[in-house]
$ cat input_21.cif   # mmCIF, C-alpha atoms
data_work
#
loop_
_atom_site.label_atom_id
_atom_site.label_comp_id
_atom_site.auth_asym_id
_atom_site.auth_seq_id
_atom_site.Cartn_x
_atom_site.Cartn_y
_atom_site.Cartn_z
CA MET A 1 4.52 17.06 38.98
CA ASN A 2 4.84 17.44 35.22
CA LEU A 3 7.14 14.41 34.98
CA ASN A 4 4.69 12.29 36.95
CA LEU A 5 1.84 13.48 34.74
CA LYS A 6 3.79 12.62 31.61
CA ASP A 7 4.64 9.18 33.02
CA SER A 8 0.97 8.57 33.81
CA LYS A 9 -0.02 9.51 30.27
CA ARG A 10 2.64 7.20 28.84
CA ARG A 11 1.40 4.31 31.00
CA LEU A 12 -2.20 4.97 29.96
CA ILE A 13 -1.28 5.05 26.27
CA ALA A 14 0.75 1.86 26.65
CA ILE A 15 -2.17 0.10 28.35
CA LEU A 16 -4.56 1.20 25.59
CA ILE A 17 -2.17 -0.06 22.90
CA ILE A 18 -1.88 -3.42 24.66
CA ILE A 19 -5.69 -3.69 24.89
CA VAL A 20 -6.12 -2.87 21.19
CA ILE A 21 -3.48 -5.42 20.19
CA ALA A 22 -4.99 -8.06 22.48
CA VAL A 23 -8.52 -7.53 21.17
CA GLY A 24 -7.35 -7.52 17.56
CA THR A 25 -5.27 -10.66 18.05
CA SER A 26 -8.04 -12.55 19.82
CA THR A 27 -10.52 -11.55 17.12
CA GLY A 28 -8.14 -12.73 14.43
CA ILE A 29 -7.56 -16.04 16.21
CA TYR A 30 -11.31 -16.51 16.66
CA PHE A 31 -11.87 -15.83 12.96
CA VAL A 32 -9.21 -18.37 11.97
CA ILE A 33 -10.66 -20.98 14.31
CA ARG A 34 -14.20 -20.42 13.00
CA SER A 35 -12.93 -20.51 9.39
CA ASN A 36 -11.08 -23.78 9.88
CA ASN A 37 -13.79 -25.29 12.07
CA PRO A 38 -17.13 -23.95 10.83
CA LYS A 39 -20.13 -24.45 13.04
CA ILE A 40 -22.14 -27.49 12.04
CA ILE A 41 -25.75 -26.55 11.41
CA LYS A 42 -28.40 -29.21 11.67
CA PRO A 43 -30.01 -30.06 8.32
CA LEU A 44 -33.04 -27.97 7.51
CA PRO A 45 -36.37 -29.81 7.67
CA ASN A 46 -37.68 -31.24 4.44
CA PRO A 47 -40.37 -28.81 3.19
CA PHE A 48 -42.09 -31.68 1.37
CA LEU A 49 -42.54 -33.76 4.52
CA LEU A 50 -46.10 -33.64 5.85
CA ASN A 51 -46.72 -33.40 9.57
CA ASN A 52 -47.85 -37.04 9.54
CA GLY A 53 -44.37 -38.08 8.36
CA THR A 54 -45.18 -38.89 4.72
CA LEU A 55 -43.59 -37.21 1.71
CA VAL A 56 -45.60 -35.16 -0.74
CA SER A 57 -46.26 -37.19 -3.89
CA ASN A 58 -49.02 -35.29 -5.70
CA GLU A 59 -50.63 -31.86 -6.06
CA GLN A 60 -53.33 -32.49 -3.47
CA GLU A 61 -50.76 -33.45 -0.84
CA TRP A 62 -48.68 -30.37 -1.71
CA ASN A 63 -51.72 -28.16 -1.11
CA GLU A 64 -52.09 -29.82 2.28
CA ARG A 65 -48.41 -29.19 3.00
CA ARG A 66 -48.74 -25.53 1.97
CA THR A 67 -51.54 -25.15 4.50
CA GLU A 68 -49.33 -26.70 7.19
CA ILE A 69 -46.43 -24.35 6.37
CA LYS A 70 -48.76 -21.35 6.35
CA GLU A 71 -50.16 -22.30 9.74
CA LEU A 72 -46.63 -22.73 11.09
CA LEU A 73 -45.69 -19.19 10.01
CA LEU A 74 -48.91 -17.68 11.30
CA GLY A 75 -48.67 -19.49 14.62
CA ILE A 76 -45.05 -18.55 15.32
CA GLU A 77 -44.30 -15.33 13.46
CA TYR A 78 -47.29 -13.29 12.31
CA GLY A 79 -50.44 -14.42 14.07
CA HIS A 80 -53.89 -14.88 12.55
CA MET A 81 -55.79 -11.97 11.05
CA PRO A 82 -59.53 -11.46 10.49
CA GLU A 83 -61.19 -11.52 7.10
CA HIS A 84 -62.73 -8.46 5.45
CA PRO A 85 -64.39 -6.00 7.83
CA GLU A 86 -68.14 -5.68 7.59
CA ALA A 87 -67.91 -2.10 6.31
CA LEU A 88 -65.32 0.33 4.96
CA ASN A 89 -66.13 4.02 4.53
CA VAL A 90 -63.77 6.22 2.52
CA SER A 91 -63.84 10.01 2.42
CA ILE A 92 -61.50 12.51 0.72
CA ILE A 93 -59.80 14.93 3.09
CA GLU A 94 -58.04 16.97 0.41
CA SER A 95 -57.03 16.83 -3.24
CA GLU A 96 -54.40 18.71 -5.23
CA VAL A 97 -52.71 18.65 -8.62
CA LEU A 98 -48.94 18.33 -8.24
CA PRO A 99 -46.38 20.14 -10.45
CA SER A 100 -45.70 16.86 -12.26
CA GLY A 101 -49.34 16.72 -13.37
CA SER A 102 -50.23 13.81 -11.10
CA VAL A 103 -53.03 14.13 -8.56
CA LEU A 104 -52.66 13.58 -4.83
CA ASN A 105 -55.79 12.57 -2.95
CA VAL A 106 -55.67 12.26 0.82
CA TYR A 107 -58.32 9.97 2.29
CA ASN A 108 -59.64 8.94 5.64
CA PHE A 109 -60.37 5.22 5.73
CA SER A 110 -62.88 4.28 8.40
CA ILE A 111 -63.22 0.56 9.09
CA ILE A 112 -66.27 -0.78 10.90
CA PRO A 113 -65.38 -4.28 12.13
CA GLU A 114 -69.02 -5.10 13.02
CA THR A 115 -72.07 -3.24 11.76
CA GLU A 116 -73.84 -4.11 15.01
CA ASN A 117 -71.32 -1.89 16.79
CA PRO A 118 -70.86 1.06 14.39
CA ASN A 119 -69.23 3.28 17.01
CA GLN A 120 -66.15 1.06 17.17
CA LEU A 121 -64.13 2.50 14.28
CA ILE A 122 -60.60 2.04 12.98
CA ASN A 123 -59.49 5.21 11.21
CA PHE A 124 -56.30 5.68 9.24
CA THR A 125 -54.94 8.08 6.62
CA VAL A 126 -54.20 7.07 3.03
CA TRP A 127 -52.33 9.10 0.41
CA ILE A 128 -52.95 8.11 -3.21
CA PHE A 129 -50.85 9.60 -6.01
CA ILE A 130 -52.55 9.17 -9.40
CA PRO A 131 -50.68 9.68 -12.71
CA SER A 132 -51.99 12.13 -15.26
CA GLY A 133 -54.20 10.54 -17.90
CA GLY A 134 -57.33 8.49 -17.94
CA GLY A 135 -56.09 5.12 -16.75
CA PRO A 136 -56.70 2.46 -15.73
CA PHE A 137 -53.33 2.29 -13.95
CA PRO A 138 -51.52 -0.46 -12.07
CA ALA A 139 -50.99 0.35 -8.40
CA LEU A 140 -48.36 -0.03 -5.70
CA VAL A 141 -49.23 0.03 -1.98
CA LYS A 142 -46.67 0.90 0.69
CA VAL A 143 -46.59 1.58 4.43
CA SER A 144 -45.68 5.13 5.42
CA PRO A 145 -46.52 7.28 8.44
CA ASP A 146 -45.89 10.39 6.32
CA GLY A 147 -47.38 10.13 2.86
CA THR A 148 -46.57 13.61 1.60
CA GLY A 149 -43.16 14.21 3.15
CA SER A 150 -40.81 11.25 3.11
CA GLN A 151 -42.54 9.81 0.03
CA GLU A 152 -42.21 12.88 -2.18
CA ILE A 153 -39.28 11.68 -4.31
CA ILE A 154 -40.46 8.10 -4.69
CA ASN A 155 -44.00 9.07 -5.68
CA GLU A 156 -42.73 11.24 -8.54
CA THR A 157 -40.70 8.35 -9.91
CA ILE A 158 -43.57 5.88 -9.64
CA THR A 159 -46.28 8.10 -11.13
CA SER A 160 -43.99 9.20 -13.98
CA ARG A 161 -43.88 5.55 -15.03
CA GLY A 162 -47.66 5.26 -15.08
CA TYR A 163 -48.27 3.64 -11.69
CA ILE A 164 -50.60 4.67 -8.90
CA PHE A 165 -48.71 5.02 -5.63
CA ALA A 166 -50.75 4.50 -2.47
CA CYS A 167 -49.25 4.73 0.99
CA TYR A 168 -51.01 4.58 4.33
CA ASN A 169 -50.21 5.46 7.92
CA HIS A 170 -49.62 2.01 9.38
CA THR A 171 -48.91 3.43 12.83
CA GLU A 172 -52.56 4.46 13.10
CA LEU A 173 -53.44 0.76 12.87
CA ASP A 174 -50.75 -0.49 15.23
CA PRO A 175 -47.93 1.57 16.78
CA ASP A 176 -44.41 0.94 15.49
CA THR A 177 -42.81 0.51 18.91
CA ASN A 178 -39.42 -0.99 17.98
CA GLY A 179 -39.48 -4.28 19.81
CA TYR A 180 -42.12 -4.04 22.53
CA ASP A 181 -45.76 -4.79 21.89
CA VAL A 182 -48.50 -2.23 22.34
CA GLU A 183 -52.08 -3.09 21.45
CA GLY A 184 -53.27 -0.81 18.68
CA PRO A 185 -56.78 -0.05 17.40
CA CYS A 186 -56.97 -3.19 15.23
CA GLN A 187 -55.97 -5.56 18.02
CA LEU A 188 -58.42 -3.88 20.38
CA ALA A 189 -61.20 -4.16 17.80
CA TYR A 190 -60.46 -7.85 17.15
CA PRO A 191 -59.38 -9.19 20.56
CA SER A 192 -59.90 -12.85 19.64
CA TYR A 193 -57.06 -12.79 17.08
CA ASP A 194 -53.40 -13.27 17.96
CA TRP A 195 -52.00 -11.07 15.18
CA GLY A 196 -48.88 -8.98 15.65
CA SER A 197 -47.83 -5.68 14.09
CA LEU A 198 -46.71 -7.10 10.72
CA ALA A 199 -50.03 -8.89 10.26
CA VAL A 200 -51.96 -5.75 11.23
CA TRP A 201 -50.05 -3.64 8.71
CA ALA A 202 -50.55 -6.25 5.98
CA TRP A 203 -54.27 -6.30 6.77
CA GLY A 204 -54.31 -2.52 6.38
CA ALA A 205 -52.66 -2.82 2.97
CA MET A 206 -55.41 -5.26 1.97
CA ARG A 207 -58.04 -2.69 2.87
CA VAL A 208 -56.31 -0.11 0.67
CA ALA A 209 -56.24 -2.70 -2.13
CA ASP A 210 -59.96 -3.38 -1.60
CA TYR A 211 -60.70 0.27 -2.26
CA LEU A 212 -58.40 0.55 -5.27
CA LEU A 213 -59.77 -2.55 -6.96
CA ALA A 214 -63.28 -1.11 -6.82
CA GLU A 215 -62.25 2.05 -8.71
CA SER A 216 -62.49 2.35 -12.51
CA TRP A 217 -59.12 4.14 -12.78
CA VAL A 218 -57.22 1.15 -11.40
#

$ encode --input "input_21.cif" --output "structure tokens"
Amino acid sequence: MNLNLKDSKRRLIAILIIIVIAVGTSTGIYFVIRSNNPKIIKPLPNPFLLNNGTLVSNEQEWNERRTEIKELLLGIEYGHMPEHPEALNVSIIESEVLPSGSVLNVYNFSIIPETENPNQLINFTVWIFIPSGGGPFPALVKVSPDGTGSQEIINETITSRGYIFACYNHTELDPDTNGYDVEGPCQLAYPSYDWGSLAVWAWGAMRVADYLLAESWV
């Protein structure tokens, strides 16, 4: 019984070695073939070629081409987003002075897409780290579902260099679902727009920027 068991183990090990050698050899051969015969990629489209087939020759035509490229990206990748909401209400949830001397304010941003329907709100949390001093300060805006935990190290570096660091919970605007689409509050509030998650999160960053630009310390 022991001899048969040992023979079985030897056969299994031999088979595994053969498989490893075969896979390694085939991978090496494939690499050599691809290196000697690289895949031919079709030429990229000319970015200066208008949709009507003419080449850009002046600034006005380039502005037209920029609009075409933008529409191509929005139509295929990001989707179209609405303009500014009709109202944005901001309230402080808490405020504290950090050991570094900077101030952390936690806000609730409440977006009202249409003033005629004030009960339809989009709420999300914003953490703003403000350097010590009087300002005004330049500002950085970043997505983050956890503004006081995972951002602790980075906010100290940014505020120590004289920058405001603002991060917001993007998952409250649209869930980060790793590959499958779920309609979030923004998409439900603006059903006529075809925007995806990246566009929603960018739109949220714009709302944070709207608030910051209205403050005297920015």

$ atom_distance --input "input_21.cif" --atom1 "atom CA of Asp146 of chain A" --atom2 "atom CA of Tyr190 of chain A"
25.7 Å

$ closest_residue --input "input_21.cif" --among "A:Glu61, A:Glu183, A:Glu83, A:Asp194" --to "Thr171 of chain A" --atoms "only C-alpha atoms"
A:Glu183

$ residues_around --input "input_21.cif" --residues "Gly135 of chain A" --least-positions-apart "3" --cutoff "10 Å" --atoms "only C-alpha atoms" --output "list in words"
Ile130, Pro131, Ser132, Pro138, Gly162, Tyr163, Ile164, Ser216, Trp217 and Val218 of chain A

$ write_last_selection --input "input_21.cif" --atoms "C-alpha atoms" --output "JSON list (two decimals), in the frame of the given file"
[["chain", "number", "residue", "atom", "x", "y", "z"],
["A", 130, "ILE", "CA", -52.55, 9.17, -9.40],
["A", 131, "PRO", "CA", -50.68, 9.68, -12.71],
["A", 132, "SER", "CA", -51.99, 12.13, -15.26],
["A", 138, "PRO", "CA", -51.52, -0.46, -12.07],
["A", 162, "GLY", "CA", -47.66, 5.26, -15.08],
["A", 163, "TYR", "CA", -48.27, 3.64, -11.69],
["A", 164, "ILE", "CA", -50.60, 4.67, -8.90],
["A", 216, "SER", "CA", -62.49, 2.35, -12.51],
["A", 217, "TRP", "CA", -59.12, 4.14, -12.78],
["A", 218, "VAL", "CA", -57.22, 1.15, -11.40]]

$ closest_residue --input "input_21.cif" --among "A:Leu50, A:Leu212, A:Val126, A:Ala202" --to "Met81 of chain A" --atoms "all atoms listed in the file"
A:Ala202

$ resolve_selection --input "input_21.cif" --expression "the PyMOL selection byres ((chain A and resi 160) around 12)" --output "short mmCIF file (atom, residue, chain, number, x, y, z; two decimals) with C-alpha atoms, in the coordinates of the input"
data_model
loop_
_atom_site.label_atom_id
_atom_site.label_comp_id
_atom_site.auth_asym_id
_atom_site.auth_seq_id
_atom_site.Cartn_x
_atom_site.Cartn_y
_atom_site.Cartn_z
CA LEU A 98 -48.94 18.33 -8.24
CA PRO A 99 -46.38 20.14 -10.45
CA SER A 100 -45.70 16.86 -12.26
CA GLY A 101 -49.34 16.72 -13.37
CA SER A 102 -50.23 13.81 -11.10
CA VAL A 103 -53.03 14.13 -8.56
CA PHE A 129 -50.85 9.60 -6.01
CA ILE A 130 -52.55 9.17 -9.40
CA PRO A 131 -50.68 9.68 -12.71
CA SER A 132 -51.99 12.13 -15.26
CA GLY A 133 -54.20 10.54 -17.90
CA PHE A 137 -53.33 2.29 -13.95
CA ILE A 153 -39.28 11.68 -4.31
CA ILE A 154 -40.46 8.10 -4.69
CA ASN A 155 -44.00 9.07 -5.68
CA GLU A 156 -42.73 11.24 -8.54
CA THR A 157 -40.70 8.35 -9.91
CA ILE A 158 -43.57 5.88 -9.64
CA THR A 159 -46.28 8.10 -11.13
CA ARG A 161 -43.88 5.55 -15.03
CA GLY A 162 -47.66 5.26 -15.08
CA TYR A 163 -48.27 3.64 -11.69
CA ILE A 164 -50.60 4.67 -8.90
CA PHE A 165 -48.71 5.02 -5.63
#

$ closest_residue --input "input_21.cif" --among "A:Pro82, A:Ala209, A:Ser144, A:Ser95" --to "Ser192 of chain A" --atoms "only C-alpha atoms"
A:Pro82

$ resolve_selection --input "input_21.cif" --expression "the PyMOL selection byres ((chain A and resi 147) around 12)" --output "ChimeraX atom specification"
/A:104-107,124-129,141-146,148-155,165-170

$ atom_distance --input "input_21.cif" --atom1 "atom CA of Gln120 of chain A" --atom2 "atom CA of Thr177 of chain A"
23.4 Å

$ closest_residue --input "input_21.cif" --among "A:Glu96, A:Gln187, A:Asn178, A:Ala87" --to "Arg207 of chain A" --atoms "all atoms listed in the file"
A:Ala87

$ atom_distance --input "input_21.cif" --atom1 "atom CA of Asn119 of chain A" --atom2 "atom CA of Leu198 of chain A"
25.6 Å

$ resolve_selection --input "input_21.cif" --expression "the PyMOL selection byres ((chain A and resi 62-76) around 10)" --output "compact mmCIF listing (two decimals) with C-alpha atoms, in the frame of the given file"
# COMPACT_ATOMS: atom_id res chain seq x y z
CA PRO A 47 -40.37 -28.81 3.19
CA PHE A 48 -42.09 -31.68 1.37
CA LEU A 49 -42.54 -33.76 4.52
CA LEU A 50 -46.10 -33.64 5.85
CA ASN A 51 -46.72 -33.40 9.57
CA LEU A 55 -43.59 -37.21 1.71
CA VAL A 56 -45.60 -35.16 -0.74
CA SER A 57 -46.26 -37.19 -3.89
CA ASN A 58 -49.02 -35.29 -5.70
CA GLU A 59 -50.63 -31.86 -6.06
CA GLN A 60 -53.33 -32.49 -3.47
CA GLU A 61 -50.76 -33.45 -0.84
CA GLU A 77 -44.30 -15.33 13.46
CA TYR A 78 -47.29 -13.29 12.31
CA GLY A 79 -50.44 -14.42 14.07
CA HIS A 80 -53.89 -14.88 12.55
CA MET A 81 -55.79 -11.97 11.05
CA ASP A 194 -53.40 -13.27 17.96
CA TRP A 195 -52.00 -11.07 15.18
CA GLY A 196 -48.88 -8.98 15.65
CA ALA A 199 -50.03 -8.89 10.26

$ decode --input "input_21.cif" --residues "segment 189-206 of chain A" --atoms "N, CA and C atoms" --output "JSON list (two decimals), in the first residue's frame"
[["chain", "number", "residue", "atom", "x", "y", "z"],
["A", 189, "ALA", "N", -33.08, 61.93, -9.21],
["A", 189, "ALA", "CA", -33.56, 63.31, -9.18],
["A", 189, "ALA", "C", -33.55, 63.95, -10.56],
["A", 190, "TYR", "N", -32.66, 63.46, -11.45],
["A", 190, "TYR", "CA", -32.56, 64.00, -12.81],
["A", 190, "TYR", "C", -32.72, 62.85, -13.81],
["A", 191, "PRO", "N", -33.91, 62.29, -13.93],
["A", 191, "PRO", "CA", -34.09, 61.09, -14.76],
["A", 191, "PRO", "C", -33.91, 61.32, -16.26],
["A", 192, "SER", "N", -33.94, 62.55, -16.71],
["A", 192, "SER", "CA", -33.83, 62.81, -18.15],
["A", 192, "SER", "C", -32.38, 62.84, -18.63],
["A", 193, "TYR", "N", -31.42, 62.70, -17.70],
["A", 193, "TYR", "CA", -30.01, 62.74, -18.08],
["A", 193, "TYR", "C", -29.44, 61.32, -18.09],
["A", 194, "ASP", "N", -28.49, 61.09, -18.99],
["A", 194, "ASP", "CA", -27.93, 59.75, -19.16],
["A", 194, "ASP", "C", -26.59, 59.58, -18.46],
["A", 195, "TRP", "N", -26.33, 60.36, -17.43],
["A", 195, "TRP", "CA", -25.02, 60.37, -16.78],
["A", 195, "TRP", "C", -24.77, 59.10, -15.98],
["A", 196, "GLY", "N", -23.49, 58.68, -15.99],
["A", 196, "GLY", "CA", -23.06, 57.54, -15.20],
["A", 196, "GLY", "C", -22.40, 57.99, -13.91],
["A", 197, "SER", "N", -21.80, 57.04, -13.21],
["A", 197, "SER", "CA", -21.24, 57.32, -11.89],
["A", 197, "SER", "C", -20.15, 58.38, -11.92],
["A", 198, "LEU", "N", -19.22, 58.29, -12.88],
["A", 198, "LEU", "CA", -18.13, 59.25, -12.93],
["A", 198, "LEU", "C", -18.64, 60.67, -13.12],
["A", 199, "ALA", "N", -19.65, 60.83, -13.97],
["A", 199, "ALA", "CA", -20.22, 62.16, -14.18],
["A", 199, "ALA", "C", -20.94, 62.65, -12.93],
["A", 200, "VAL", "N", -21.63, 61.76, -12.24],
["A", 200, "VAL", "CA", -22.31, 62.14, -11.00],
["A", 200, "VAL", "C", -21.30, 62.62, -9.96],
["A", 201, "TRP", "N", -20.22, 61.87, -9.81],
["A", 201, "TRP", "CA", -19.21, 62.25, -8.81],
["A", 201, "TRP", "C", -18.54, 63.57, -9.19],
["A", 202, "ALA", "N", -18.29, 63.79, -10.47],
["A", 202, "ALA", "CA", -17.70, 65.06, -10.91],
["A", 202, "ALA", "C", -18.66, 66.21, -10.64],
["A", 203, "TRP", "N", -19.94, 65.97, -10.86],
["A", 203, "TRP", "CA", -20.96, 66.99, -10.59],
["A", 203, "TRP", "C", -20.99, 67.32, -9.10],
["A", 204, "GLY", "N", -20.81, 66.32, -8.26],
["A", 204, "GLY", "CA", -20.74, 66.56, -6.82],
["A", 204, "GLY", "C", -19.54, 67.42, -6.45],
["A", 205, "ALA", "N", -18.40, 67.15, -7.09],
["A", 205, "ALA", "CA", -17.20, 67.97, -6.84],
["A", 205, "ALA", "C", -17.45, 69.42, -7.24],
["A", 206, "MET", "N", -18.20, 69.63, -8.31],
["A", 206, "MET", "CA", -18.53, 71.00, -8.73],
["A", 206, "MET", "C", -19.36, 71.72, -7.67]]
